[in-house]
Every structure is written in structure tokens, then in C-alpha cells.
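Chemist: Data: structure-v3.txt, compact mmCIF, C-alpha atoms.
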# COMPACT_ATOMS: atom_id res chain seq x y z
CA MET A 29 0.00 0.00 0.00
CA GLN A 30 1.39 3.41 -0.92
CA GLN A 31 1.67 5.98 1.87
CA PHE A 32 0.97 9.64 1.26
CA ALA A 33 1.35 12.73 3.40
CA ARG A 34 1.24 16.49 3.25
CA VAL A 35 4.25 18.19 4.79
CA LEU A 36 5.23 21.74 5.52
CA THR A 37 8.67 22.77 4.30
CA ASP A 38 10.37 26.14 4.16
CA LYS A 39 8.69 26.50 0.72
CA GLY A 40 5.13 25.76 1.93
CA ALA A 41 2.85 22.71 1.84
CA VAL A 42 4.10 19.83 -0.28
CA PRO A 43 2.28 16.58 -1.14
CA VAL A 44 4.59 13.59 -0.75
CA ILE A 45 4.67 9.84 -1.10
CA LEU A 46 6.78 7.90 1.37
CA LYS A 47 9.32 5.44 0.05
CA GLY A 48 11.23 3.94 2.95
CA SER A 49 12.36 6.91 5.03
CA GLU A 50 12.27 9.30 2.06
CA HIS A 51 9.56 11.85 1.34
CA LEU A 52 9.22 12.07 -2.45
CA ASP A 53 7.73 15.25 -3.93
CA LEU A 54 4.41 14.58 -5.67
CA ARG A 55 4.07 18.07 -7.20
CA PRO A 56 5.01 16.81 -10.70
CA ILE A 57 1.82 14.72 -10.47
CA VAL A 58 -0.58 16.73 -8.26
CA SER A 59 -0.55 20.20 -6.74
CA ASP A 60 -1.80 18.84 -3.42
CA ILE A 61 -3.54 15.86 -1.88
CA ASN A 62 -7.16 16.94 -2.08
CA PRO A 63 -10.51 15.39 -3.04
CA ASP A 64 -10.07 16.22 -6.74
CA ALA A 65 -6.62 14.60 -6.94
CA ILE A 66 -7.93 11.51 -5.16
CA ALA A 67 -11.15 11.19 -7.20
CA GLY A 68 -9.26 11.86 -10.44
CA GLY A 69 -7.13 8.76 -9.88
CA ALA A 70 -3.77 10.56 -10.11
CA LEU A 71 -2.59 8.93 -6.87
CA ILE A 72 -3.36 5.34 -7.81
CA ASN A 73 -0.19 3.27 -8.28
CA VAL A 74 2.19 6.23 -8.39
CA ASP A 75 5.47 5.53 -10.22
CA THR A 76 8.09 6.92 -7.84
CA SER A 77 11.08 6.43 -10.16
CA ARG A 78 11.07 10.06 -11.38
CA LEU A 79 10.16 11.80 -8.12
CA SER A 80 12.71 13.78 -6.13
CA PRO A 81 13.18 13.56 -2.37
CA ILE A 82 12.30 16.54 -0.18
CA ALA A 83 15.39 17.91 1.55
CA GLY A 84 15.44 19.29 5.07
CA ASP A 85 13.08 19.12 7.99
CA VAL A 86 9.36 18.65 7.48
CA THR A 87 6.30 19.07 9.67
CA TYR A 88 3.34 16.81 8.97
CA LEU A 89 0.09 18.59 8.08
CA ALA A 90 -3.51 17.40 7.93
CA PRO A 91 -3.48 14.46 5.50
CA ILE A 92 -5.91 15.91 2.96
CA ASP A 93 -6.55 19.53 2.02
CA GLY A 94 -9.89 20.93 0.92
CA ILE A 95 -12.14 18.25 2.32
CA ARG A 96 -15.84 18.93 2.00
CA GLN A 97 -17.24 16.85 4.85
CA ILE A 98 -16.35 14.40 7.58
CA ALA A 99 -19.08 11.84 8.18
CA ALA A 100 -18.68 9.94 11.43
CA THR A 101 -20.33 7.18 13.41
CA GLY A 102 -20.75 7.25 17.15
CA PHE A 103 -21.08 4.60 19.79
CA ASN A 104 -19.46 1.97 17.64
CA TYR A 105 -16.94 0.82 20.27
CA LYS A 106 -18.32 -1.54 22.92
CA LYS A 107 -16.13 -0.35 25.84
CA HIS A 108 -16.96 3.29 25.09
CA ILE A 109 -20.69 2.47 25.14
CA GLU A 110 -20.21 0.69 28.49
CA GLU A 111 -18.39 3.75 29.92
CA PHE A 112 -21.52 5.81 29.29
CA LYS A 113 -23.77 3.04 30.66
CA MET A 114 -25.84 3.11 27.49
CA LYS A 115 -27.57 0.45 25.47
CA PRO A 116 -25.83 -0.26 22.16
CA PRO A 117 -27.66 1.46 19.30
CA THR A 118 -29.64 -0.73 16.93
CA GLU A 119 -28.48 1.34 13.94
CA PRO A 120 -25.30 3.38 13.35
CA GLU A 121 -25.29 6.86 14.88
CA VAL A 122 -24.16 8.96 11.91
CA PHE A 123 -23.23 12.63 12.22
CA LEU A 124 -20.99 15.22 10.57
CA LYS A 125 -17.84 16.51 12.25
CA ALA A 126 -16.56 20.03 11.70
CA ILE A 127 -14.04 20.26 8.88
CA SER A 128 -11.80 22.18 11.28
CA SER A 129 -11.48 19.02 13.39
CA LEU A 130 -9.04 17.57 10.86
CA THR A 131 -5.50 18.35 11.99
CA GLY A 132 -1.96 17.21 11.56
CA PRO A 133 -0.61 14.59 13.97
CA PHE A 134 1.37 17.09 16.05
CA ASP A 135 -0.91 20.14 15.82
CA PRO A 136 -1.86 21.78 19.11
CA ILE A 137 -5.32 21.19 20.53
CA SER A 138 -7.30 24.25 21.57
CA ARG A 139 -8.89 23.94 25.00
CA GLY A 140 -11.20 26.87 24.38
CA PRO A 141 -11.87 29.67 26.85
CA ASN A 142 -12.50 27.45 29.90
CA GLN A 143 -9.12 26.03 30.91
CA ASN A 144 -10.76 23.89 33.62
CA VAL A 145 -12.65 21.71 31.14
CA LYS A 146 -11.38 18.15 31.19
CA LEU A 147 -10.14 16.93 27.83
CA ASP A 148 -10.77 13.35 26.80
CA TRP A 149 -8.61 11.51 24.32
CA GLU A 150 -9.73 9.44 21.40
CA VAL A 151 -8.15 7.79 18.43
CA GLU A 152 -9.97 8.08 15.15
CA LEU A 153 -9.73 5.90 12.07
CA ALA A 154 -10.85 7.65 8.92
CA ILE A 155 -11.68 5.82 5.73
CA VAL A 156 -10.97 8.00 2.70
CA ILE A 157 -13.49 7.37 -0.06
CA GLY A 158 -11.75 7.61 -3.42
CA ARG A 159 -14.68 8.06 -5.77
CA GLU A 160 -18.40 8.56 -5.73
CA ALA A 161 -20.55 5.58 -4.82
CA LYS A 162 -24.31 5.31 -4.80
CA ASP A 163 -26.63 2.39 -4.12
CA ASP A 164 -23.85 -0.18 -4.42
CA SER A 165 -23.65 -3.45 -2.53
CA ALA A 166 -21.80 -3.85 0.75
CA ALA A 167 -19.54 -6.37 -1.01
CA ALA A 168 -18.39 -3.65 -3.44
CA ALA A 169 -17.68 -1.03 -0.74
CA ALA A 170 -13.95 -1.80 -0.52
CA ASP A 171 -13.59 -0.92 -4.22
CA TYR A 172 -14.31 2.72 -3.36
CA ILE A 173 -11.74 3.09 -0.57
CA PHE A 174 -8.69 5.22 -1.39
CA GLY A 175 -7.01 4.69 1.94
CA TYR A 176 -7.00 5.18 5.69
CA VAL A 177 -5.79 7.91 8.03
Here is a file; write its structure as C-alpha cells.
Modeler:
Amino acid sequence: MQQFARVLTDKGAVPVILKGSEHLDLRPIVSDINPDAIAGGALINVDTSRLSPIAGDVTYLAPIDGIRQIAATGFNYKKHIEEFKMKPPTEPEVFLKAISSLTGPFDPISRGPNQNVKLDWEVELAIVIGREAKDDSAAAAADYIFGYV
């Protein structure tokens, strides 16, 4: 599986593909990792032989720029449901998350104005849909997945 990232360099945001410990510059192929680049198929089976490595230090950014929505499901983890002493839902609890909730792995977290509010930690798995799907079978769902973050 190919691994992609967006990194910040001294020249701005750069889309990269990881090959071993190298970050190879994807700008000859795409201007950024965004929904259009993903849906257009430009990042499927990227030939890395002609890509140059990024020199210097990098800071990881949010994995995809320009997302339009983040659909999420809640109460899908048994121990988390038990913590809240709730009955498991009979159907998925689907909701939209704010686009601003997508961050890079080392970005600071804003506590907001009340510094006494307890923060809770979570780990999220996002499935990146690579192309439009409508009324397809559950068996075909994996064919629409671009990747995971």
C-alpha cells in the first residue's frame, strides 16, 4: 500500500509519497492531496522512479486539504458504550464533524476559553473514499476506498 502525506517545508505545503524513510515530492503529479486529486485517480499506483526527495526538515500537516465533509459514526466501540452506561444502538449513529477538526498529527489542541474543562482523548480511524458511490452493494464497498488515516 502506498503511503501519502502532506508536509510543511520552508517553501510551503508539499504533497509527498513515502518510500522507505524518504519523502518524495508529488508536485510533478498533483498540486496537493485533495478530493479532486484523489477522485481523479492521479494517486493510484504512483510511479516513484522520477520523483525527487524533499530535503530538510518537514512538519506533517492534515493528510488531505480541501475536504468537503467528515461523516462519522458514534457509539461503535463496545467499551466506550459501556463507559456511558448506554444500550448499544440498533443502527449506526451517523453525524458530521466540523471540517476544522481535521489536523496534523502534532498540531496543538485548543482547549477553548475554559481552561478547567477536562479533555478526553480518542483515536480516530478515517476511511478516505476515493470516488463517488451510490446504491452499491456492501460487497463492493472496498472498491471505493482510497485509503485510511
Chemist: Figure out the distance between CA of Val35 (chain A) and CA of Ser49 (chain A), please, to one decimal in Å.
Modeler: 13.9 Å
Chemist: For a test of reading the model, state the distance in Å between CA of Asp64 (chain A) and CA of Pro43 (chain A), rounded to one decimal.
Modeler: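 The value is 13.6 Å.
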Chemist: Rounded to one decimal in Å, what is the spacing between CA of Asp85 (chain A) and CA of Gly69 (chain A)?
Modeler: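 Taking CA of Asp85 (chain A) as the start and CA of Gly69 (chain A) as the end point, the length is 28.9 Å.
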Chemist: Here is a test: counting only C-alpha atoms, which residue of A:Ser80, A:Gln30, A:Asn104, A:Ser59 is nearest to Ile45 (chain A)?
Modeler: A:Gln30
Chemist: Mind listing as a ChimeraX atom specification all residues within 6 Å of (-1.8, 15.9, 6.7), counting only C-alpha atoms?
Modeler: /A:33-34,88-92,132
Chemist: If you take only C-alpha atoms and a cut-off of 12 Å, which residues of region 136-177 of chain A touch region 122-131 of chain A, and what are their nearest atom pairs and distances in Å to one decimal, in chain and number order, as JSON lines?
Modeler:
{"residue": "A:Pro136", "atom": "CA", "partner": "A:Thr131", "partner_atom": "CA", "distance": 8.7}
{"residue": "A:Ile137", "atom": "CA", "partner": "A:Thr131", "partner_atom": "CA", "distance": 9.0}
{"residue": "A:Ser138", "atom": "CA", "partner": "A:Ser129", "partner_atom": "CA", "distance": 10.6}
{"residue": "A:Glu152", "atom": "CA", "partner": "A:Leu130", "partner_atom": "CA", "distance": 10.5}
{"residue": "A:Leu153", "atom": "CA", "partner": "A:Leu130", "partner_atom": "CA", "distance": 11.8}
{"residue": "A:Ala154", "atom": "CA", "partner": "A:Leu130", "partner_atom": "CA", "distance": 10.3}
{"residue": "A:Val177", "atom": "CA", "partner": "A:Leu130", "partner_atom": "CA", "distance": 10.6}
Chemist: Select, from A:Leu147, A:Ile82, A:Met114, A:Ala67, the residue with the minimum atom-to-atom distance to Tyr172 (chain A), counting only C-alpha atoms.
Modeler: A:Ala67
Chemist: Env of Ile57 (chain A): 7 Å cut, atoms = all atoms listed in the file, seq-sep filter 2 positions within chain, self excluded. Answer as a VMD selection string.
Modeler: chain A and resid 54 to 55 70
Chemist: Once you have the residues from the selection above, write them out as a tab-separated table (two decimals), in the coordinates of the input, restricted to C-alpha atoms.
Modeler:
chain	number	residue	atom	x	y	z
A	54	LEU	CA	4.41	14.58	-5.67
A	55	ARG	CA	4.07	18.07	-7.20
A	70	ALA	CA	-3.77	10.56	-10.11
Chemist: A:Lys39, A:Arg96, A:Arg78, A:Lys107: which is nearest Pro56 (chain A), counting only C-alpha atoms?
Modeler: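 Of A:Lys39, A:Arg96, A:Arg78, A:Lys107, the one nearest Pro56 (chain A) is A:Arg78, counting only C-alpha atoms.
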Chemist: Using only C-alpha atoms for the distances, tell me which of A:Pro81, A:Gly158, A:Ala167, A:Glu121 is nearest to Ala100 (chain A).
Modeler: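 When distances to Ala100 (chain A) are compared using only C-alpha atoms, the smallest one comes from A:Glu121.
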Chemist: Which residue, A:Asp148, A:Ile173, A:Met29, A:Thr37, has the smallest gap to Thr87 (chain A) when you use all atoms listed in the file?
Modeler: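 Using all atoms listed in the file, Thr87 (chain A) sits closest to A:Thr37.
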Chemist: If we count only C-alpha atoms and set the cut-off at 8 Å, which residues sit around Gly175 (chain A), ignoring sequence neighbours fewer than 5 positions away in its own chain? Please answer as a ChimeraX atom specification.
Modeler: /A:155-158
Chemist: Smallest atom-to-atom distance to Asp60 (chain A): which of A:Ile95, A:Ala41, A:Leu46, A:Ile72, using only C-alpha atoms?
Modeler: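 Among the listed residues, A:Ala41 lies closest to Asp60 (chain A).
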